[in-house]
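Pasting data-v1.txt here (compact mmCIF, C-alpha atoms):
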# COMPACT_ATOMS: atom_id res chain seq x y z
CA MET A 1066 -10.21 -18.43 -6.73
CA VAL A 1067 -10.06 -16.90 -3.25
CA GLU A 1068 -13.48 -17.42 -1.71
CA ALA A 1069 -12.97 -14.60 0.79
CA VAL A 1070 -13.37 -11.96 -1.92
CA ARG A 1071 -15.91 -13.56 -4.27
CA GLY A 1072 -18.91 -11.24 -4.43
CA ALA A 1073 -17.27 -8.74 -2.07
CA GLY A 1074 -17.64 -5.01 -2.50
CA VAL A 1075 -14.11 -3.69 -3.01
CA VAL A 1076 -12.71 -0.16 -3.21
CA VAL A 1077 -9.25 0.35 -4.70
CA THR A 1078 -7.80 3.85 -4.44
CA GLY A 1079 -5.15 5.20 -6.76
CA ALA A 1080 -6.31 2.58 -9.25
CA GLY A 1081 -5.89 4.53 -12.47
CA GLY A 1082 -2.62 2.70 -13.12
CA GLY A 1083 0.23 0.78 -11.57
CA ILE A 1084 -0.37 -1.35 -8.49
CA GLY A 1085 -3.89 -0.01 -7.99
CA ALA A 1086 -5.00 -1.00 -11.49
CA ALA A 1087 -3.45 -4.44 -11.01
CA LEU A 1088 -5.34 -4.87 -7.74
CA ALA A 1089 -8.60 -3.81 -9.39
CA ARG A 1090 -8.07 -6.30 -12.20
CA ARG A 1091 -7.29 -9.15 -9.81
CA PHE A 1092 -10.22 -8.47 -7.49
CA ALA A 1093 -12.56 -8.34 -10.48
CA ALA A 1094 -11.10 -11.59 -11.85
CA GLU A 1095 -11.75 -13.19 -8.46
CA GLY A 1096 -15.43 -12.28 -8.68
CA ALA A 1097 -15.50 -9.11 -6.58
CA ARG A 1098 -17.51 -5.99 -7.33
CA VAL A 1099 -14.94 -3.22 -7.72
CA VAL A 1100 -15.00 0.54 -7.25
CA VAL A 1101 -12.06 2.11 -9.06
CA ASN A 1102 -10.88 5.36 -7.49
CA ASP A 1103 -8.30 7.82 -8.77
CA LEU A 1104 -7.81 11.57 -8.76
CA ASP A 1105 -7.66 11.32 -12.55
CA ALA A 1106 -11.28 10.70 -13.54
CA ASP A 1107 -10.44 9.56 -17.07
CA ARG A 1108 -7.96 6.95 -15.85
CA ALA A 1109 -10.40 5.72 -13.22
CA LYS A 1110 -13.12 5.37 -15.84
CA ALA A 1111 -10.83 3.50 -18.24
CA VAL A 1112 -9.83 0.90 -15.64
CA ALA A 1113 -13.42 0.57 -14.39
CA GLU A 1114 -14.63 -0.12 -17.91
CA GLU A 1115 -11.85 -2.68 -18.39
CA VAL A 1116 -12.72 -4.65 -15.24
CA GLY A 1117 -16.50 -4.18 -15.28
CA GLY A 1118 -16.31 -1.98 -12.21
CA ILE A 1119 -17.57 1.44 -11.16
CA ALA A 1120 -15.46 4.59 -11.37
CA VAL A 1121 -15.61 6.86 -8.33
CA PRO A 1122 -12.93 9.51 -8.87
CA GLY A 1123 -11.78 12.02 -6.26
CA ASP A 1124 -9.86 12.22 -3.02
CA ALA A 1125 -9.29 8.67 -1.79
CA SER A 1126 -10.43 9.24 1.78
CA ALA A 1127 -13.45 11.36 0.87
CA ILE A 1128 -15.28 8.90 -1.37
CA ILE A 1129 -16.30 6.24 1.16
CA GLY A 1130 -19.96 7.28 1.16
CA GLU A 1131 -20.21 7.39 -2.63
CA ALA A 1132 -18.32 4.10 -2.97
CA ARG A 1133 -20.56 2.43 -0.39
CA GLU A 1134 -23.65 3.58 -2.27
CA ALA A 1135 -22.19 2.39 -5.59
CA LEU A 1136 -21.65 -1.06 -4.05
CA GLY A 1137 -25.20 -1.34 -2.76
CA GLY A 1138 -24.57 -0.17 0.78
CA THR A 1139 -21.53 -2.17 1.88
CA VAL A 1140 -17.77 -1.90 1.47
CA ASP A 1141 -16.20 -5.24 2.34
CA VAL A 1142 -12.61 -4.55 1.28
CA TYR A 1143 -10.83 -1.21 1.18
CA CYS A 1144 -7.46 -0.99 -0.56
CA ALA A 1145 -5.62 2.13 0.62
CA ASN A 1146 -3.32 2.19 -2.37
CA ALA A 1147 -3.12 5.87 -3.36
CA GLY A 1148 0.18 7.42 -2.39
CA VAL A 1149 2.76 10.04 -3.25
CA ALA A 1150 6.50 9.46 -3.57
CA SER A 1151 7.67 12.75 -2.14
CA GLY A 1152 11.36 13.51 -2.21
CA GLY A 1153 12.93 16.83 -1.38
CA SER A 1154 12.10 18.80 1.71
CA GLY A 1155 10.05 21.74 2.90
CA GLU A 1156 6.86 21.84 4.88
CA PRO A 1157 4.46 21.61 1.87
CA VAL A 1158 6.19 18.43 0.67
CA TRP A 1159 6.00 16.88 4.13
CA ALA A 1160 2.37 17.95 4.58
CA LEU A 1161 1.30 16.36 1.29
CA ALA A 1162 3.13 13.11 2.02
CA TRP A 1163 1.67 12.92 5.51
CA ASP A 1164 -1.86 13.63 4.30
CA VAL A 1165 -1.88 11.16 1.39
CA ASN A 1166 0.32 8.37 2.75
CA VAL A 1167 -0.96 8.31 6.33
CA MET A 1168 -3.96 10.50 7.15
CA ALA A 1169 -5.97 9.31 4.14
CA HIS A 1170 -5.69 5.80 5.60
CA VAL A 1171 -6.78 7.06 9.02
CA ARG A 1172 -9.80 8.91 7.61
CA ALA A 1173 -10.84 5.89 5.54
CA ALA A 1174 -10.60 3.57 8.54
CA ASP A 1175 -12.59 5.98 10.68
CA ALA A 1176 -15.35 5.95 8.06
CA LEU A 1177 -15.35 2.17 7.61
CA LEU A 1178 -14.80 0.77 11.09
CA PRO A 1179 -18.22 1.50 12.66
CA ASP A 1180 -20.01 -0.65 10.06
CA TRP A 1181 -17.29 -3.31 10.02
CA LEU A 1182 -17.26 -3.66 13.79
CA GLU A 1183 -21.04 -3.85 13.93
CA ARG A 1184 -21.16 -6.76 11.49
CA GLY A 1185 -17.90 -8.35 12.62
CA SER A 1186 -16.07 -8.34 9.28
CA GLY A 1187 -14.07 -6.10 6.99
CA ARG A 1188 -10.72 -6.09 5.21
CA PHE A 1189 -8.27 -3.15 5.06
CA VAL A 1190 -5.39 -3.46 2.58
CA SER A 1191 -2.61 -0.90 2.90
CA THR A 1192 -0.11 -0.48 0.07
CA VAL A 1193 2.90 0.56 2.12
CA SER A 1194 6.37 -0.09 0.62
CA ALA A 1195 9.54 -1.79 1.70
CA ALA A 1196 10.53 1.78 2.63
CA GLY A 1197 8.01 1.48 5.47
CA LEU A 1198 10.06 -1.37 6.93
CA LEU A 1199 13.48 -0.12 5.85
CA THR A 1200 13.99 3.32 4.26
CA MET A 1201 14.63 4.94 0.87
CA ILE A 1202 17.64 7.12 0.13
CA GLY A 1203 16.87 10.64 -1.04
CA ALA A 1204 13.24 10.54 0.04
CA ALA A 1205 12.74 11.49 3.67
CA PRO A 1206 9.02 12.41 3.45
CA TYR A 1207 8.25 9.18 1.60
CA SER A 1208 10.27 7.00 3.96
CA VAL A 1209 8.92 8.53 7.15
CA THR A 1210 5.27 8.53 6.08
CA LYS A 1211 5.48 4.98 4.78
CA HIS A 1212 6.74 3.98 8.23
CA GLY A 1213 3.62 5.73 9.52
CA ALA A 1214 1.36 3.87 7.10
CA TYR A 1215 2.85 0.56 8.19
CA ALA A 1216 2.49 1.46 11.87
CA PHE A 1217 -1.16 2.37 11.38
CA ALA A 1218 -1.93 -0.87 9.54
CA GLU A 1219 -0.15 -2.80 12.28
CA TRP A 1220 -2.17 -0.98 14.93
CA LEU A 1221 -5.45 -1.73 13.13
CA SER A 1222 -4.57 -5.40 12.97
CA LEU A 1223 -3.56 -5.85 16.59
CA THR A 1224 -6.53 -3.80 17.82
CA TYR A 1225 -9.36 -5.33 15.80
CA ARG A 1226 -8.38 -8.80 14.56
CA HIS A 1227 -10.39 -10.50 17.34
CA ARG A 1228 -13.44 -8.57 16.12
CA GLY A 1229 -13.28 -9.90 12.56
CA ILE A 1230 -11.22 -7.16 10.89
CA LYS A 1231 -8.53 -8.41 8.51
CA VAL A 1232 -5.58 -6.14 7.70
CA HIS A 1233 -2.84 -6.61 5.12
CA ALA A 1234 0.26 -4.42 4.65
CA ILE A 1235 1.86 -4.77 1.21
CA CYS A 1236 5.56 -3.86 1.27
CA PRO A 1237 7.18 -4.24 -2.16
CA GLN A 1238 10.51 -2.81 -3.28
CA GLY A 1239 10.68 -1.59 -6.87
CA VAL A 1240 7.58 -2.06 -9.00
CA ARG A 1241 7.48 -1.08 -12.67
CA THR A 1242 5.16 1.90 -12.41
CA ASP A 1243 5.19 5.63 -13.14
CA MET A 1244 6.29 6.17 -9.54
CA LEU A 1245 9.42 4.09 -10.12
CA ASP A 1246 10.15 5.97 -13.34
CA ALA A 1247 9.92 9.24 -11.39
CA SER A 1248 12.33 8.06 -8.67
CA GLY A 1249 15.36 9.15 -10.70
CA THR A 1250 18.89 8.00 -10.03
CA ALA A 1251 18.05 6.79 -6.51
CA GLY A 1252 15.48 4.41 -7.94
CA ASP A 1253 17.90 3.34 -10.65
CA LEU A 1254 20.49 2.48 -8.00
CA VAL A 1255 18.43 0.57 -5.45
CA LEU A 1256 15.13 -0.46 -7.06
CA LYS A 1257 15.14 -1.02 -10.81
CA GLN A 1258 17.37 -4.10 -10.94
CA THR A 1259 14.91 -6.20 -8.93
CA ALA A 1260 11.72 -4.40 -9.97
CA ILE A 1261 8.64 -6.56 -10.52
CA GLU A 1262 5.37 -6.04 -12.37
CA PRO A 1263 2.25 -4.62 -10.68
CA ALA A 1264 0.49 -7.93 -11.33
CA ASP A 1265 3.14 -9.66 -9.21
CA VAL A 1266 2.13 -7.44 -6.28
CA ALA A 1267 -1.51 -8.44 -6.75
CA ASP A 1268 -0.49 -12.10 -6.82
CA ALA A 1269 1.41 -11.67 -3.55
CA LEU A 1270 -1.60 -10.01 -1.92
CA PHE A 1271 -3.95 -12.80 -2.89
CA GLU A 1272 -1.53 -15.42 -1.63
CA GLY A 1273 -1.48 -13.50 1.65
CA ILE A 1274 -5.26 -13.26 1.77
CA ALA A 1275 -5.53 -17.01 1.22
CA GLN A 1276 -3.05 -17.60 4.08
CA ASP A 1277 -4.55 -14.86 6.27
CA ARG A 1278 -1.19 -13.07 6.59
CA PHE A 1279 -0.75 -9.46 7.68
CA LEU A 1280 2.65 -8.73 6.12
CA ILE A 1281 2.78 -9.14 2.35
CA LEU A 1282 6.29 -9.20 0.85
CA PRO A 1283 6.26 -9.35 -2.97
CA HIS A 1284 10.06 -9.25 -2.68
CA PRO A 1285 10.68 -12.05 -0.13
CA GLU A 1286 14.27 -10.88 0.46
CA VAL A 1287 12.89 -7.84 2.30
CA ALA A 1288 12.26 -10.12 5.31
CA GLY A 1289 16.01 -10.67 5.62
CA TYR A 1290 16.76 -6.97 5.30
CA TYR A 1291 14.17 -6.21 7.98
CA GLN A 1292 15.70 -8.79 10.32
CA ALA A 1293 19.19 -7.39 9.68
CA ARG A 1294 17.98 -3.88 10.44
CA ALA A 1295 16.50 -4.97 13.76
CA GLY A 1296 19.34 -7.31 14.70
CA ASP A 1297 22.27 -4.99 14.04
CA PRO A 1298 21.13 -1.38 13.48
CA GLU A 1299 24.67 0.02 13.33
CA ARG A 1300 25.74 -2.37 10.59
CA TRP A 1301 22.54 -1.78 8.66
CA LEU A 1302 22.92 2.02 8.88
CA SER A 1303 26.52 1.77 7.75
CA THR A 1304 25.49 -0.30 4.73
CA MET A 1305 22.75 2.17 3.83
CA ASN A 1306 25.19 5.05 4.22
CA HIS A 1307 27.52 3.40 1.70
CA ILE A 1308 24.59 3.26 -0.71
CA GLN A 1309 23.89 6.93 0.02
CA GLN A 1310 27.50 7.82 -0.79
CA LYS A 1311 27.37 5.80 -4.01
CA TRP A 1312 24.21 7.69 -5.01
CA GLU A 1313 25.82 11.06 -4.23
CA ALA A 1314 28.83 10.17 -6.36
CA ALA A 1315 26.53 9.29 -9.27
CA GLU A 1316 24.53 12.53 -9.08

Can I see the file as structure tokens?
Amino acid sequence: MVEAVRGAGVVVTGAGGGIGAALARRFAAEGARVVVNDLDADRAKAVAEEVGGIAVPGDASAIIGEAREALGGTVDVYCANAGVASGGSGEPVWALAWDVNVMAHVRAADALLPDWLERGSGRFVSTVSAAGLLTMIGAAPYSVTKHGAYAFAEWLSLTYRHRGIKVHAICPQGVRTDMLDASGTAGDLVLKQTAIEPADVADALFEGIAQDRFLILPHPEVAGYYQARAGDPERWLSTMNHIQQKWEAAE
């Protein structure tokens, strides 16, 4: 058991399935009181009933007040897990990705920070993606906004850690979820072979919480890719371009 979350009031967004549901299950198993959020009210209710939590459906960044009330007045942990895997192009696609993958995190933090800073504690968990450290072929809006999500989590950590705020950025590669199934041939090429289960992501988060680590890598090899990207950008871009060409040939 991780003592840091026992009895804590936890909100998990996008928790109707996939990583979010796995996080809700793990927090509940660790003794936390869990609010399950999802745009799909039926899915939120089903997971909440499973874990003994409270369903608060709706827009992830607009339910802080209701979630706080459901938890008796205090949110101790907020898991910004809801996201969209936008491929394609066009301003509406970019706007949706930016709003859900970045600005929802910003709005949630704005709502939570005053109380957290006043009492000197709070935990913000951002489900980013390895794409936020690297990139993802065929998905510019997703890749760019996940970089933004990672940058915001990083900024929160460096700005507030001395005031008791804990921040964790989860950056997995492929995870066996509906989002992976929807990634098409690009996901088949670069993600499916090493895909892990949502529960593995929850395990990695709790190991990180126990060790008080910011960066959570459910796929440890991502650390090497990240170092290679920083150490030799030209070589890394060339390698990624070869993958791009392989994907184009398979389309």

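Nearest residue to Gly1079 (chain A) among A:Ala1147, A:Ala1106, A:Leu1136, A:Leu1254 is A:Ala1147, counting all atoms listed in the file.
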
Around (7.9, 4.7, -9.0) in the file's frame, which residues reach within 10 Å when counting all atoms listed in the file? Return as a PyMOL selection string? chain A and resi 1083+1149-1150+1238-1249+1252+1256-1257+1260

Next, write the just-selected residues to a file, as a short mmCIF file (atom, residue, chain, number, x, y, z; two decimals), keeping the file's coordinate frame, keeping C-alpha atoms as the atom set.
data_model
loop_
_atom_site.label_atom_id
_atom_site.label_comp_id
_atom_site.auth_asym_id
_atom_site.auth_seq_id
_atom_site.Cartn_x
_atom_site.Cartn_y
_atom_site.Cartn_z
CA GLY A 1083 0.23 0.78 -11.57
CA VAL A 1149 2.76 10.04 -3.25
CA ALA A 1150 6.50 9.46 -3.57
CA GLN A 1238 10.51 -2.81 -3.28
CA GLY A 1239 10.68 -1.59 -6.87
CA VAL A 1240 7.58 -2.06 -9.00
CA ARG A 1241 7.48 -1.08 -12.67
CA THR A 1242 5.16 1.90 -12.41
CA ASP A 1243 5.19 5.63 -13.14
CA MET A 1244 6.29 6.17 -9.54
CA LEU A 1245 9.42 4.09 -10.12
CA ASP A 1246 10.15 5.97 -13.34
CA ALA A 1247 9.92 9.24 -11.39
CA SER A 1248 12.33 8.06 -8.67
CA GLY A 1249 15.36 9.15 -10.70
CA GLY A 1252 15.48 4.41 -7.94
CA LEU A 1256 15.13 -0.46 -7.06
CA LYS A 1257 15.14 -1.02 -10.81
CA ALA A 1260 11.72 -4.40 -9.97
#

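Nearest residue to Gly1082 (chain A) among A:Ala1160, A:Val1167, A:Ala1315, A:Ala1264 is A:Ala1264, counting all atoms listed in the file.
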
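Every protein, DNA or RNA residue with an atom at most 6 Å from Cys1236 (chain A), where all atoms listed in the file count and chain neighbours fewer than 3 positions away do not, is listed here: Val1193, Ser1194, Ala1195 and Leu1282 of chain A.
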
Could you check how far CA of Ala1127 (chain A) sits from CA of Ala1269 (chain A), in Å to one decimal? 27.8 Å

Close residues, Arg1172 (chain A) itself excluded, 7 Å, all atoms listed in the file, min 4 positions apart in chain, as a PyMOL selection string: chain A and resi 1126+1168+1176

Neighbourhood query: residues within 8 Å of (9.4, 3.2, 11.0), file coordinates, counting all atoms listed in the file; return as a VMD selection string. chain A and resid 1197 to 1199 1209 1211 to 1213 1215 to 1216

Please compute the CA of Gly1081 (chain A)-CA of Asp1103 (chain A) distance, one decimal, in Å.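 Going from CA of Gly1081 (chain A) over to CA of Asp1103 (chain A), I get 5.5 Å.
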
Could you list, with a cut-off of 12 Å and counting all atoms listed in the file, the residues of region 1131-1171 of chain A near region 1204-1208 of chain A, each shown with its nearest atom pair and the distance in Å rounded to one decimal, rows sorted by chain and ascending number, as a Markdown table?
| residue | atom | partner | partner_atom | distance |
| --- | --- | --- | --- | --- |
| A:Gly1148 | CA | A:Tyr1207 | CA | 9.2 |
| A:Val1149 | CA | A:Tyr1207 | CA | 7.4 |
| A:Ala1150 | CA | A:Tyr1207 | CA | 5.5 |
| A:Ser1151 | CA | A:Tyr1207 | CA | 5.2 |
| A:Gly1152 | CA | A:Ala1204 | CA | 4.2 |
| A:Gly1153 | CA | A:Ala1204 | CA | 6.5 |
| A:Ser1154 | CA | A:Pro1206 | CA | 7.3 |
| A:Gly1155 | CA | A:Pro1206 | CA | 9.4 |
| A:Glu1156 | CA | A:Pro1206 | CA | 9.8 |
| A:Pro1157 | CA | A:Pro1206 | CA | 10.4 |
| A:Val1158 | CA | A:Pro1206 | CA | 7.2 |
| A:Trp1159 | CA | A:Pro1206 | CA | 5.4 |
| A:Ala1160 | CA | A:Pro1206 | CA | 8.7 |
| A:Leu1161 | CA | A:Pro1206 | CA | 8.9 |
| A:Ala1162 | CA | A:Pro1206 | CA | 6.1 |
| A:Trp1163 | CA | A:Pro1206 | CA | 7.7 |
| A:Asp1164 | CA | A:Pro1206 | CA | 11.0 |
| A:Val1165 | CA | A:Tyr1207 | CA | 10.3 |
| A:Asn1166 | CA | A:Tyr1207 | CA | 8.1 |
| A:Val1167 | CA | A:Tyr1207 | CA | 10.4 |

Residues just named, written with C-alpha atoms as an mmCIF file, in the frame of the given file:
data_model
loop_
_atom_site.group_PDB
_atom_site.id
_atom_site.type_symbol
_atom_site.label_atom_id
_atom_site.label_comp_id
_atom_site.auth_asym_id
_atom_site.auth_seq_id
_atom_site.Cartn_x
_atom_site.Cartn_y
_atom_site.Cartn_z
ATOM 1 C CA GLY A 1148 0.180 7.420 -2.390
ATOM 2 C CA VAL A 1149 2.760 10.040 -3.250
ATOM 3 C CA ALA A 1150 6.500 9.460 -3.570
ATOM 4 C CA SER A 1151 7.670 12.750 -2.140
ATOM 5 C CA GLY A 1152 11.360 13.510 -2.210
ATOM 6 C CA GLY A 1153 12.930 16.830 -1.380
ATOM 7 C CA SER A 1154 12.100 18.800 1.710
ATOM 8 C CA GLY A 1155 10.050 21.740 2.900
ATOM 9 C CA GLU A 1156 6.860 21.840 4.880
ATOM 10 C CA PRO A 1157 4.460 21.610 1.870
ATOM 11 C CA VAL A 1158 6.190 18.430 0.670
ATOM 12 C CA TRP A 1159 6.000 16.880 4.130
ATOM 13 C CA ALA A 1160 2.370 17.950 4.580
ATOM 14 C CA LEU A 1161 1.300 16.360 1.290
ATOM 15 C CA ALA A 1162 3.130 13.110 2.020
ATOM 16 C CA TRP A 1163 1.670 12.920 5.510
ATOM 17 C CA ASP A 1164 -1.860 13.630 4.300
ATOM 18 C CA VAL A 1165 -1.880 11.160 1.390
ATOM 19 C CA ASN A 1166 0.320 8.370 2.750
ATOM 20 C CA VAL A 1167 -0.960 8.310 6.330
#

Between region 1207-1238 of chain A and region 1177-1190 of chain A, at 10 Å or less, what are the per-residue closest atom pairs and their distances in Å? Count only C-alpha atoms, order by chain and rising residue number, and return it as a Markdown table.
| residue | atom | partner | partner_atom | distance |
| --- | --- | --- | --- | --- |
| A:Ala1218 | CA | A:Phe1189 | CA | 8.1 |
| A:Leu1221 | CA | A:Phe1189 | CA | 8.7 |
| A:Ser1222 | CA | A:Phe1189 | CA | 9.0 |
| A:Tyr1225 | CA | A:Leu1182 | CA | 8.3 |
| A:Arg1226 | CA | A:Ser1186 | CA | 9.3 |
| A:His1227 | CA | A:Gly1185 | CA | 9.1 |
| A:Arg1228 | CA | A:Gly1185 | CA | 5.7 |
| A:Gly1229 | CA | A:Ser1186 | CA | 4.6 |
| A:Ile1230 | CA | A:Gly1187 | CA | 4.9 |
| A:Lys1231 | CA | A:Arg1188 | CA | 4.6 |
| A:Val1232 | CA | A:Phe1189 | CA | 4.8 |
| A:His1233 | CA | A:Val1190 | CA | 4.8 |
| A:Ala1234 | CA | A:Val1190 | CA | 6.1 |
| A:Ile1235 | CA | A:Val1190 | CA | 7.5 |

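Of the listed residues (A:Val1116, A:Ile1261, A:Ala1080, A:Ala1135), A:Val1116 comes nearest to Glu1095 (chain A); the distances count all atoms listed in the file.
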
If you measure from CA of Ile1308 (chain A) to CA of Ala1295 (chain A), what distance in Å do you get, rounded to one decimal?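 Taking CA of Ile1308 (chain A) as the start and CA of Ala1295 (chain A) as the end point, the length is 18.5 Å.
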
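Among the candidates A:Ile1119, A:Leu1223, A:Leu1302, A:Ala1267, the one nearest to Leu1088 (chain A) when counting only C-alpha atoms is A:Ala1267.
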
Nearest-residue call for Tyr1290 (chain A), choices A:Val1171, A:Val1076, A:Ala1196, A:Ala1093, using all atoms listed in the file: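 The shortest atom-to-atom distance to Tyr1290 (chain A) comes from A:Ala1196.
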
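Nearest-residue note for Ser1191 (chain A): choosing from A:Asp1268, A:Val1077, A:Ala1113, A:Arg1098, the minimum distance belongs to A:Val1077, counting only C-alpha atoms.
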
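Close contacts of Gly1072 (chain A), defined as residues with an atom at most 12 Å away when counting only C-alpha atoms, with chain neighbours fewer than 5 positions off set aside, comprise Met1066, Val1067, Phe1092, Ala1093, Ala1094, Glu1095, Gly1096, Ala1097, Arg1098, Val1099, Leu1136, Gly1137, Thr1139, Val1140, Asp1141 and Val1142 of chain A.
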
Take region 1110-1135 of chain A from the block and save it with N, CA and C atoms, as a tab-separated table (two decimals), in the first residue's frame.
chain	number	residue	atom	x	y	z
A	1110	LYS	N	-20.46	5.74	-14.51
A	1110	LYS	CA	-21.25	5.10	-13.44
A	1110	LYS	C	-20.83	3.65	-13.25
A	1111	ALA	N	-20.59	2.95	-14.35
A	1111	ALA	CA	-20.21	1.53	-14.26
A	1111	ALA	C	-18.89	1.36	-13.52
A	1112	VAL	N	-17.89	2.19	-13.85
A	1112	VAL	CA	-16.59	2.08	-13.18
A	1112	VAL	C	-16.71	2.51	-11.72
A	1113	ALA	N	-17.49	3.57	-11.46
A	1113	ALA	CA	-17.68	4.03	-10.08
A	1113	ALA	C	-18.31	2.93	-9.22
A	1114	GLU	N	-19.29	2.26	-9.77
A	1114	GLU	CA	-19.93	1.17	-9.02
A	1114	GLU	C	-18.94	0.04	-8.76
A	1115	GLU	N	-18.10	-0.24	-9.75
A	1115	GLU	CA	-17.11	-1.31	-9.61
A	1115	GLU	C	-16.12	-1.03	-8.49
A	1116	VAL	N	-15.67	0.23	-8.38
A	1116	VAL	CA	-14.61	0.56	-7.43
A	1116	VAL	C	-15.13	1.15	-6.12
A	1117	GLY	N	-16.45	1.28	-6.00
A	1117	GLY	CA	-17.01	1.90	-4.80
A	1117	GLY	C	-16.77	3.39	-4.76
A	1118	GLY	N	-16.73	4.01	-5.95
A	1118	GLY	CA	-16.49	5.44	-6.05
A	1118	GLY	C	-17.75	6.22	-6.36
A	1119	ILE	N	-17.56	7.44	-6.82
A	1119	ILE	CA	-18.66	8.35	-7.12
A	1119	ILE	C	-18.51	8.80	-8.56
A	1120	ALA	N	-19.56	8.65	-9.35
A	1120	ALA	CA	-19.53	9.08	-10.74
A	1120	ALA	C	-19.88	10.56	-10.83
A	1121	VAL	N	-19.00	11.32	-11.49
A	1121	VAL	CA	-19.26	12.72	-11.78
A	1121	VAL	C	-18.96	12.93	-13.27
A	1122	PRO	N	-19.94	12.65	-14.13
A	1122	PRO	CA	-19.69	12.77	-15.56
A	1122	PRO	C	-19.65	14.23	-16.01
A	1123	GLY	N	-19.12	14.45	-17.23
A	1123	GLY	CA	-19.08	15.79	-17.79
A	1123	GLY	C	-17.70	16.17	-18.26
A	1124	ASP	N	-17.57	17.42	-18.68
A	1124	ASP	CA	-16.29	17.95	-19.13
A	1124	ASP	C	-15.28	17.89	-17.99
A	1125	ALA	N	-14.11	17.32	-18.28
A	1125	ALA	CA	-13.13	17.04	-17.24
A	1125	ALA	C	-12.73	18.27	-16.44
A	1126	SER	N	-12.57	19.41	-17.09
A	1126	SER	CA	-12.07	20.59	-16.39
A	1126	SER	C	-13.17	21.44	-15.79
A	1127	ALA	N	-14.43	21.01	-15.97
A	1127	ALA	CA	-15.55	21.80	-15.46
A	1127	ALA	C	-16.24	21.14	-14.26
A	1128	ILE	N	-15.66	20.06	-13.76
A	1128	ILE	CA	-16.34	19.31	-12.70
A	1128	ILE	C	-15.61	19.40	-11.36
A	1129	ILE	N	-14.65	20.30	-11.26
A	1129	ILE	CA	-13.86	20.39	-10.02
A	1129	ILE	C	-14.75	20.68	-8.82
A	1130	GLY	N	-15.65	21.65	-8.96
A	1130	GLY	CA	-16.52	22.00	-7.84
A	1130	GLY	C	-17.39	20.85	-7.41
A	1131	GLU	N	-18.02	20.17	-8.37
A	1131	GLU	CA	-18.88	19.04	-8.04
A	1131	GLU	C	-18.07	17.89	-7.45
A	1132	ALA	N	-16.89	17.65	-8.00
A	1132	ALA	CA	-16.03	16.57	-7.48
A	1132	ALA	C	-15.58	16.89	-6.05
A	1133	ARG	N	-15.22	18.13	-5.81
A	1133	ARG	CA	-14.79	18.54	-4.47
A	1133	ARG	C	-15.92	18.33	-3.46
A	1134	GLU	N	-17.12	18.69	-3.86
A	1134	GLU	CA	-18.27	18.50	-2.96
A	1134	GLU	C	-18.53	17.03	-2.71
A	1135	ALA	N	-18.41	16.20	-3.78
A	1135	ALA	CA	-18.63	14.76	-3.64
A	1135	ALA	C	-17.62	14.12	-2.70
